[in-house]
>>> print(open('work_38.cif').read())   # mmCIF, C-alpha atoms
data_input
loop_
_atom_site.label_atom_id
_atom_site.label_comp_id
_atom_site.auth_asym_id
_atom_site.auth_seq_id
_atom_site.Cartn_x
_atom_site.Cartn_y
_atom_site.Cartn_z
CA MET U 1 111.64 121.98 144.06
CA LEU U 2 110.30 125.31 142.87
CA ASP U 3 110.62 128.55 144.83
CA GLU U 4 107.34 129.62 146.45
CA GLN U 5 108.91 132.93 147.52
CA ASN U 6 109.75 133.88 143.93
CA VAL U 7 107.55 136.58 142.38
CA VAL U 8 107.33 134.41 139.24
CA PRO U 9 104.20 132.21 139.50
CA LEU U 10 104.90 128.52 140.19
CA TYR U 11 103.39 127.35 136.91
CA LYS U 12 105.68 129.77 135.04
CA GLN U 13 108.68 128.38 136.95
CA LEU U 14 107.64 124.85 136.00
CA ILE U 15 107.26 125.86 132.35
CA SER U 16 110.78 127.31 132.41
CA GLU U 17 112.15 124.15 134.05
CA LEU U 18 110.57 121.78 131.54
CA GLU U 19 111.30 124.02 128.56
CA GLY U 20 114.97 124.19 129.57
CA LYS U 21 115.29 120.42 129.81
CA ILE U 22 113.69 120.01 126.38
CA ALA U 23 116.03 122.62 124.87
CA GLN U 24 119.08 120.96 126.47
CA GLY U 25 118.08 117.54 125.16
CA ILE U 26 117.56 116.08 128.64
CA TYR U 27 114.04 115.30 127.48
CA GLN U 28 114.24 113.91 123.93
CA PRO U 29 111.58 114.24 121.18
CA GLY U 30 109.04 111.47 121.62
CA GLU U 31 110.08 110.81 125.23
CA GLN U 32 107.29 110.38 127.75
CA LEU U 33 107.29 112.77 130.70
CA MET U 34 106.54 111.62 134.23
CA PRO U 35 102.86 111.38 135.23
CA GLU U 36 101.25 114.58 136.48
CA SER U 37 101.02 113.28 140.07
CA ASP U 38 104.73 112.41 140.10
CA MET U 39 105.60 115.77 138.60
CA ALA U 40 103.61 117.54 141.31
CA LYS U 41 105.53 115.66 144.04
CA THR U 42 108.90 116.17 142.34
CA PHE U 43 108.50 119.96 142.05
CA GLY U 44 106.45 120.44 145.22
CA VAL U 45 103.42 121.96 143.53
CA SER U 46 99.73 121.15 143.13
CA LEU U 47 98.19 119.15 140.31
CA ILE U 48 96.41 122.31 139.16
CA THR U 49 99.81 124.04 138.75
CA VAL U 50 101.20 121.08 136.80
CA ARG U 51 98.20 120.94 134.48
CA LYS U 52 98.30 124.70 133.85
CA ALA U 53 101.99 124.50 132.92
CA LEU U 54 101.50 121.47 130.67
CA LYS U 55 98.56 123.10 128.90
CA GLU U 56 100.67 126.13 128.00
CA LEU U 57 103.54 123.96 126.79
CA ALA U 58 101.09 121.93 124.70
CA ASP U 59 99.57 125.12 123.25
CA ARG U 60 103.08 126.18 122.22
CA GLY U 61 103.70 122.81 120.52
CA LEU U 62 106.51 121.69 122.82
CA ILE U 63 104.67 118.70 124.25
CA GLU U 64 101.78 116.48 123.21
CA ARG U 65 99.18 115.13 125.62
CA GLN U 66 97.75 111.80 124.42
CA GLN U 67 94.52 110.60 125.98
CA GLY U 68 95.08 107.43 127.99
CA LYS U 69 98.81 107.36 127.25
CA GLY U 70 100.43 110.37 128.91
CA THR U 71 102.46 113.45 128.01
CA PHE U 72 105.28 113.33 125.46
CA VAL U 73 107.91 115.74 124.19
CA ALA U 74 106.73 116.79 120.74
CA LYS U 75 108.65 115.54 117.74
CA LYS U 76 109.81 118.12 115.24
CA LYS U 77 107.26 118.66 112.47
CA TYR U 78 108.27 119.41 108.89
CA PRO U 79 105.99 121.85 107.02
CA LYS U 80 104.86 120.55 103.62
CA ASN U 81 103.06 122.99 101.35
CA LEU U 82 100.84 120.88 99.11
CA SER U 83 100.22 123.78 96.73
CA GLN U 84 103.92 123.91 95.79
CA VAL U 85 106.08 121.45 93.87
CA MET U 86 108.82 120.61 96.35
CA ASN U 87 110.79 117.40 96.60
CA PHE U 88 111.71 115.73 99.86
CA SER U 89 115.34 116.91 99.79
CA GLU U 90 114.27 120.54 99.38
CA LEU U 91 111.75 120.17 102.20
CA CYS U 92 114.47 118.90 104.53
CA ARG U 93 116.89 121.66 103.61
CA ILE U 94 114.43 124.46 104.37
CA SER U 95 113.67 122.70 107.67
CA ASN U 96 117.41 122.65 108.50
CA VAL U 97 117.62 118.86 108.64
CA ARG U 98 119.69 116.43 106.59
CA PRO U 99 117.75 114.48 103.93
CA GLY U 100 118.50 110.82 103.39
CA GLY U 101 117.06 107.64 101.97
CA ARG U 102 117.41 103.92 101.46
CA MET U 103 116.25 102.33 98.22
CA LEU U 104 114.22 99.16 98.74
CA GLU U 105 113.32 98.35 95.13
CA ASN U 106 114.14 99.54 91.62
CA THR U 107 112.63 97.20 89.07
CA LEU U 108 110.16 96.65 86.24
CA ILE U 109 106.61 95.62 87.13
CA THR U 110 103.30 95.16 85.36
CA PRO U 111 100.80 97.54 87.00
CA ASP U 112 97.25 96.54 87.80
CA ASP U 113 94.50 97.74 85.47
CA LYS U 114 93.57 100.70 87.68
CA LEU U 115 97.11 102.09 87.77
CA ALA U 116 97.64 101.43 84.05
CA GLU U 117 94.48 103.36 83.20
CA ARG U 118 95.49 106.34 85.35
CA MET U 119 98.90 106.44 83.71
CA GLY U 120 97.43 106.10 80.21
CA LEU U 121 99.19 102.79 79.53
CA LYS U 122 98.19 99.87 77.33
CA SER U 123 97.19 96.62 78.97
CA GLY U 124 100.28 94.60 79.95
CA GLU U 125 102.66 97.55 79.47
CA ARG U 126 105.28 97.61 82.19
CA VAL U 127 106.48 100.50 84.35
CA ILE U 128 109.56 101.31 86.43
CA TYR U 129 108.87 100.92 90.13
CA ILE U 130 111.09 102.65 92.71
CA LYS U 131 110.47 102.29 96.43
CA ARG U 132 112.44 104.12 99.12
CA VAL U 133 112.40 104.93 102.82
CA ARG U 134 113.13 108.63 103.38
CA PHE U 135 115.02 109.97 106.39
CA ALA U 136 115.26 113.35 108.09
CA ASP U 137 118.35 113.61 110.28
CA ARG U 138 118.62 109.79 110.06
CA GLU U 139 115.08 109.23 111.33
CA PRO U 140 112.62 107.44 108.99
CA VAL U 141 109.66 109.71 108.24
CA ALA U 142 108.18 108.49 104.94
CA ILE U 143 107.95 105.62 102.48
CA GLU U 144 107.90 106.65 98.82
CA GLU U 145 106.76 104.57 95.86
CA ASN U 146 107.02 105.97 92.33
CA TYR U 147 105.89 104.51 89.01
CA PHE U 148 107.54 105.79 85.81
CA PRO U 149 106.78 105.14 82.13
CA LEU U 150 109.39 103.02 80.31
CA HIS U 151 110.97 105.97 78.49
CA TYR U 152 112.66 106.77 81.82
CA ALA U 153 114.54 103.46 81.60
CA LYS U 154 117.86 104.98 82.72
CA LEU U 155 116.39 105.12 86.23
CA LEU U 156 116.86 101.34 86.42
CA GLU U 157 120.65 101.80 86.32
CA GLN U 158 120.72 104.13 89.32
CA GLN U 159 120.91 103.68 93.08
CA PHE U 160 118.66 106.25 94.78
CA ASP U 161 119.58 106.31 98.43
CA ASP U 162 120.69 109.69 99.77
CA ASN U 163 120.58 111.32 96.34
CA SER U 164 117.60 113.20 94.91
CA LEU U 165 115.41 111.54 92.29
CA TYR U 166 114.14 114.96 91.17
CA GLU U 167 117.67 116.26 90.63
CA TYR U 168 118.55 113.18 88.57
CA LEU U 169 115.51 113.71 86.33
CA GLU U 170 116.45 117.35 85.79
CA GLY U 171 120.08 116.51 85.02
CA GLU U 172 119.63 113.40 82.88
CA TYR U 173 116.32 114.09 81.13
CA HIS U 174 116.34 117.91 81.30
CA ILE U 175 112.81 118.01 82.67
CA LYS U 176 111.28 119.80 85.61
CA ILE U 177 108.15 118.82 87.49
CA ALA U 178 105.80 121.75 86.87
CA TYR U 179 102.72 120.66 88.82
CA THR U 180 101.13 117.73 90.61
CA ARG U 181 97.65 116.51 91.45
CA LYS U 182 97.35 115.05 94.93
CA LYS U 183 94.90 113.04 96.98
CA ILE U 184 95.25 112.77 100.77
CA GLU U 185 93.83 109.96 102.86
CA ILE U 186 94.36 108.31 106.23
CA CYS U 187 95.49 104.68 106.36
CA ARG U 188 96.98 102.36 108.97
CA ALA U 189 100.51 100.97 108.99
CA ASN U 190 100.89 97.29 108.17
CA LYS U 191 103.68 95.26 109.76
CA GLN U 192 106.31 96.08 107.10
CA GLU U 193 105.44 99.80 107.00
CA ALA U 194 105.51 100.01 110.79
CA GLU U 195 108.97 98.44 110.88
CA CYS U 196 110.28 100.83 108.21
CA LEU U 197 108.93 103.95 109.94
CA LYS U 198 109.54 102.74 113.51
CA VAL U 199 105.91 103.16 114.49
CA LEU U 200 103.35 100.74 115.91
CA LYS U 201 101.41 98.42 113.62
CA ASN U 202 98.00 99.90 112.73
CA GLU U 203 99.16 103.40 113.69
CA PRO U 204 97.52 106.07 111.48
CA LEU U 205 99.61 107.32 108.55
CA LEU U 206 99.01 109.98 105.93
CA LEU U 207 98.69 108.52 102.44
CA ILE U 208 99.38 111.00 99.63
CA THR U 209 98.93 109.79 96.06
CA SER U 210 99.97 112.10 93.24
CA MET U 211 100.36 112.48 89.52
CA ALA U 212 103.38 114.60 88.53
CA TYR U 213 103.58 116.41 85.20
CA THR U 214 106.31 118.17 83.26
CA GLU U 215 106.09 121.75 81.96
CA GLY U 216 104.81 120.30 78.67
CA GLY U 217 101.93 118.52 80.42
CA GLU U 218 103.46 115.05 80.05
CA LEU U 219 103.00 112.58 82.90
CA CYS U 220 106.35 112.00 84.60
CA TYR U 221 105.31 109.60 87.34
CA ARG U 222 102.59 108.31 89.58
CA GLY U 223 103.62 108.70 93.23
CA LYS U 224 102.59 107.34 96.60
CA GLN U 225 103.85 108.57 99.97
CA LEU U 226 103.17 107.05 103.35
CA ILE U 227 104.00 109.68 105.94
CA ASP U 228 104.31 109.56 109.70
CA GLY U 229 101.66 112.17 110.51
CA GLU U 230 103.38 113.12 113.75
CA ARG U 231 106.35 114.44 111.78
CA PHE U 232 104.63 116.58 109.12
CA ALA U 233 102.33 119.58 109.10
CA LEU U 234 100.51 119.79 105.78
CA TYR U 235 99.08 123.06 104.51
CA VAL U 236 97.88 124.68 101.29
#
>>> encode(input="work_38.cif", output="structure tokens")
Amino acid sequence: MLDEQNVVPLYKQLISELEGKIAQGIYQPGEQLMPESDMAKTFGVSLITVRKALKELADRGLIERQQGKGTFVAKKKYPKNLSQVMNFSELCRISNVRPGGRMLENTLITPDDKLAERMGLKSGERVIYIKRVRFADREPVAIEENYFPLHYAKLLEQQFDDNSLYEYLEGEYHIKIAYTRKKIEICRANKQEAECLKVLKNEPLLLITSMAYTEGGELCYRGKQLIDGERFALYV
């Protein structure tokens, strides 16, 4: 129960109570909070007080109010600057989380005509296909698919789990990704993608397709990222 005799307004007391439990980990990211009516009874305040407190917490990004579902503790978002060339491992490090990954495929495939044309390949020419699930502090946040020309054949001998693909390219091939061209769309998770990212089937995902080039203007790879939109804040 909150203290009605306290000079601090009741909604401010409730904010402090909820904020403290989030900070202490009593309420975990993604966890649903009790309904507003139950919260009002628990803390001995009115619904108006509860809603005022929740609005301020939502404005500060600590909680998320989902229409028809309830109120949830906000998951940590990772800022991704689309105007900069930054690999996933670097993004995690500046966000103070541990990067990780699990390689699902590393093989040769024959791309469809559309992909072959975009990569400047001859009909029937094969490419190296690498698919991984990427983790931030052991939580799956993205699925990456990359297509490389055959002159990067040494990639086929490697296991890219927790190690950085960018760092391997720099060390083995002495190249650096200088710039990328990106396209951003919204798609919905199929059954396999939902299982990988631990989200619901048909949940909206961010789809980022990109072409990455070296300092000499040579195409390095064609990339595709499926990102849990609740975990990233994109900006340019």
>>> closest_residue(input="work_38.cif", among="U:Ile63, U:Arg126, U:Leu2, U:Glu105", to="Glu17 in chain U", atoms="only C-alpha atoms")
U:Leu2
>>> closest_residue(input="work_38.cif", among="U:Ile177, U:Pro29, U:Ile128, U:Arg222", to="Ala153 in chain U", atoms="all atoms listed in the file")
U:Ile128
>>> closest_atom_pairs(input="work_38.cif", of="range 113-148 of chain U", to="range 182-205 of chain U", cutoff="12 Å", atoms="all atoms listed in the file", output="tab-separated table")
residue	atom	partner	partner_atom	distance
U:Lys131	CA	U:Cys196	CA	11.9
U:Arg132	CA	U:Cys196	CA	9.9
U:Val133	CA	U:Cys196	CA	7.1
U:Arg134	CA	U:Leu197	CA	9.1
U:Phe135	CA	U:Leu197	CA	9.3
U:Ala136	CA	U:Leu197	CA	11.5
U:Arg138	CA	U:Leu197	CA	11.3
U:Glu139	CA	U:Leu197	CA	8.2
U:Pro140	CA	U:Leu197	CA	5.2
U:Val141	CA	U:Leu197	CA	6.0
U:Ala142	CA	U:Leu197	CA	6.8
U:Ile143	CA	U:Leu197	CA	7.7
U:Glu144	CA	U:Glu193	CA	10.9
>>> resolve_selection(input="work_38.cif", expression="the PyMOL selection byres ((chain U and resi 34) around 12)", output="mmCIF file with C-alpha atoms, in the frame of the given file")
data_model
loop_
_atom_site.group_PDB
_atom_site.id
_atom_site.type_symbol
_atom_site.label_atom_id
_atom_site.label_comp_id
_atom_site.auth_asym_id
_atom_site.auth_seq_id
_atom_site.Cartn_x
_atom_site.Cartn_y
_atom_site.Cartn_z
ATOM 1 C CA LEU U 18 110.570 121.780 131.540
ATOM 2 C CA TYR U 27 114.040 115.300 127.480
ATOM 3 C CA GLU U 31 110.080 110.810 125.230
ATOM 4 C CA GLN U 32 107.290 110.380 127.750
ATOM 5 C CA LEU U 33 107.290 112.770 130.700
ATOM 6 C CA PRO U 35 102.860 111.380 135.230
ATOM 7 C CA GLU U 36 101.250 114.580 136.480
ATOM 8 C CA SER U 37 101.020 113.280 140.070
ATOM 9 C CA ASP U 38 104.730 112.410 140.100
ATOM 10 C CA MET U 39 105.600 115.770 138.600
ATOM 11 C CA ALA U 40 103.610 117.540 141.310
ATOM 12 C CA LYS U 41 105.530 115.660 144.040
ATOM 13 C CA THR U 42 108.900 116.170 142.340
ATOM 14 C CA PHE U 43 108.500 119.960 142.050
ATOM 15 C CA VAL U 50 101.200 121.080 136.800
ATOM 16 C CA LEU U 54 101.500 121.470 130.670
ATOM 17 C CA ARG U 65 99.180 115.130 125.620
ATOM 18 C CA LYS U 69 98.810 107.360 127.250
ATOM 19 C CA GLY U 70 100.430 110.370 128.910
ATOM 20 C CA THR U 71 102.460 113.450 128.010
ATOM 21 C CA PHE U 72 105.280 113.330 125.460
ATOM 22 C CA VAL U 73 107.910 115.740 124.190
#
>>> atom_distance(input="work_38.cif", atom1="CA of Ile227 in chain U", atom2="CA of Tyr179 in chain U")
20.4 Å
>>> build_atoms(input="work_38.cif", residues="range 206-223 of chain U", atoms="N, CA and C atoms", output="PDB file, in the frame of the given file")
ATOM      1  N   LEU U 206      99.553 109.188 107.028  1.00  0.00           N
ATOM      2  CA  LEU U 206      99.010 109.980 105.930  1.00  0.00           C
ATOM      3  C   LEU U 206      99.405 109.314 104.615  1.00  0.00           C
ATOM      4  N   LEU U 207      98.441 109.091 103.757  1.00  0.00           N
ATOM      5  CA  LEU U 207      98.690 108.520 102.440  1.00  0.00           C
ATOM      6  C   LEU U 207      98.433 109.611 101.400  1.00  0.00           C
ATOM      7  N   ILE U 208      99.495 109.983 100.682  1.00  0.00           N
ATOM      8  CA  ILE U 208      99.380 111.000  99.630  1.00  0.00           C
ATOM      9  C   ILE U 208      99.688 110.335  98.296  1.00  0.00           C
ATOM     10  N   THR U 209      98.711 110.280  97.412  1.00  0.00           N
ATOM     11  CA  THR U 209      98.930 109.790  96.060  1.00  0.00           C
ATOM     12  C   THR U 209      98.946 110.987  95.122  1.00  0.00           C
ATOM     13  N   SER U 210      99.808 110.931  94.115  1.00  0.00           N
ATOM     14  CA  SER U 210      99.970 112.100  93.240  1.00  0.00           C
ATOM     15  C   SER U 210     100.287 111.685  91.816  1.00  0.00           C
ATOM     16  N   MET U 211      99.971 112.586  90.918  1.00  0.00           N
ATOM     17  CA  MET U 211     100.360 112.480  89.520  1.00  0.00           C
ATOM     18  C   MET U 211     101.222 113.702  89.240  1.00  0.00           C
ATOM     19  N   ALA U 212     102.448 113.491  88.754  1.00  0.00           N
ATOM     20  CA  ALA U 212     103.380 114.600  88.530  1.00  0.00           C
ATOM     21  C   ALA U 212     103.581 114.813  87.034  1.00  0.00           C
ATOM     22  N   TYR U 213     103.505 116.079  86.617  1.00  0.00           N
ATOM     23  CA  TYR U 213     103.580 116.410  85.200  1.00  0.00           C
ATOM     24  C   TYR U 213     104.716 117.385  84.908  1.00  0.00           C
ATOM     25  N   THR U 214     105.250 117.272  83.707  1.00  0.00           N
ATOM     26  CA  THR U 214     106.310 118.170  83.260  1.00  0.00           C
ATOM     27  C   THR U 214     105.699 119.486  82.789  1.00  0.00           C
ATOM     28  N   GLU U 215     106.569 120.446  82.439  1.00  0.00           N
ATOM     29  CA  GLU U 215     106.090 121.750  81.960  1.00  0.00           C
ATOM     30  C   GLU U 215     105.293 121.616  80.662  1.00  0.00           C
ATOM     31  N   GLY U 216     105.544 120.527  79.911  1.00  0.00           N
ATOM     32  CA  GLY U 216     104.810 120.300  78.670  1.00  0.00           C
ATOM     33  C   GLY U 216     103.520 119.527  78.870  1.00  0.00           C
ATOM     34  N   GLY U 217     103.175 119.237  80.134  1.00  0.00           N
ATOM     35  CA  GLY U 217     101.930 118.520  80.420  1.00  0.00           C
ATOM     36  C   GLY U 217     102.045 117.025  80.304  1.00  0.00           C
ATOM     37  N   GLU U 218     103.256 116.498  80.159  1.00  0.00           N
ATOM     38  CA  GLU U 218     103.460 115.050  80.050  1.00  0.00           C
ATOM     39  C   GLU U 218     103.561 114.433  81.440  1.00  0.00           C
ATOM     40  N   LEU U 219     102.911 113.275  81.620  1.00  0.00           N
ATOM     41  CA  LEU U 219     103.000 112.580  82.900  1.00  0.00           C
ATOM     42  C   LEU U 219     104.433 112.102  83.118  1.00  0.00           C
ATOM     43  N   CYS U 220     105.005 112.460  84.256  1.00  0.00           N
ATOM     44  CA  CYS U 220     106.350 112.000  84.600  1.00  0.00           C
ATOM     45  C   CYS U 220     106.268 110.746  85.467  1.00  0.00           C
ATOM     46  N   TYR U 221     105.450 110.787  86.504  1.00  0.00           N
ATOM     47  CA  TYR U 221     105.310 109.600  87.340  1.00  0.00           C
ATOM     48  C   TYR U 221     104.018 109.625  88.150  1.00  0.00           C
ATOM     49  N   ARG U 222     103.652 108.471  88.600  1.00  0.00           N
ATOM     50  CA  ARG U 222     102.590 108.310  89.580  1.00  0.00           C
ATOM     51  C   ARG U 222     103.272 108.045  90.921  1.00  0.00           C
ATOM     52  N   GLY U 223     102.929 108.818  91.960  1.00  0.00           N
ATOM     53  CA  GLY U 223     103.620 108.700  93.230  1.00  0.00           C
ATOM     54  C   GLY U 223     102.701 108.309  94.368  1.00  0.00           C
TER      55      GLY U 223
END
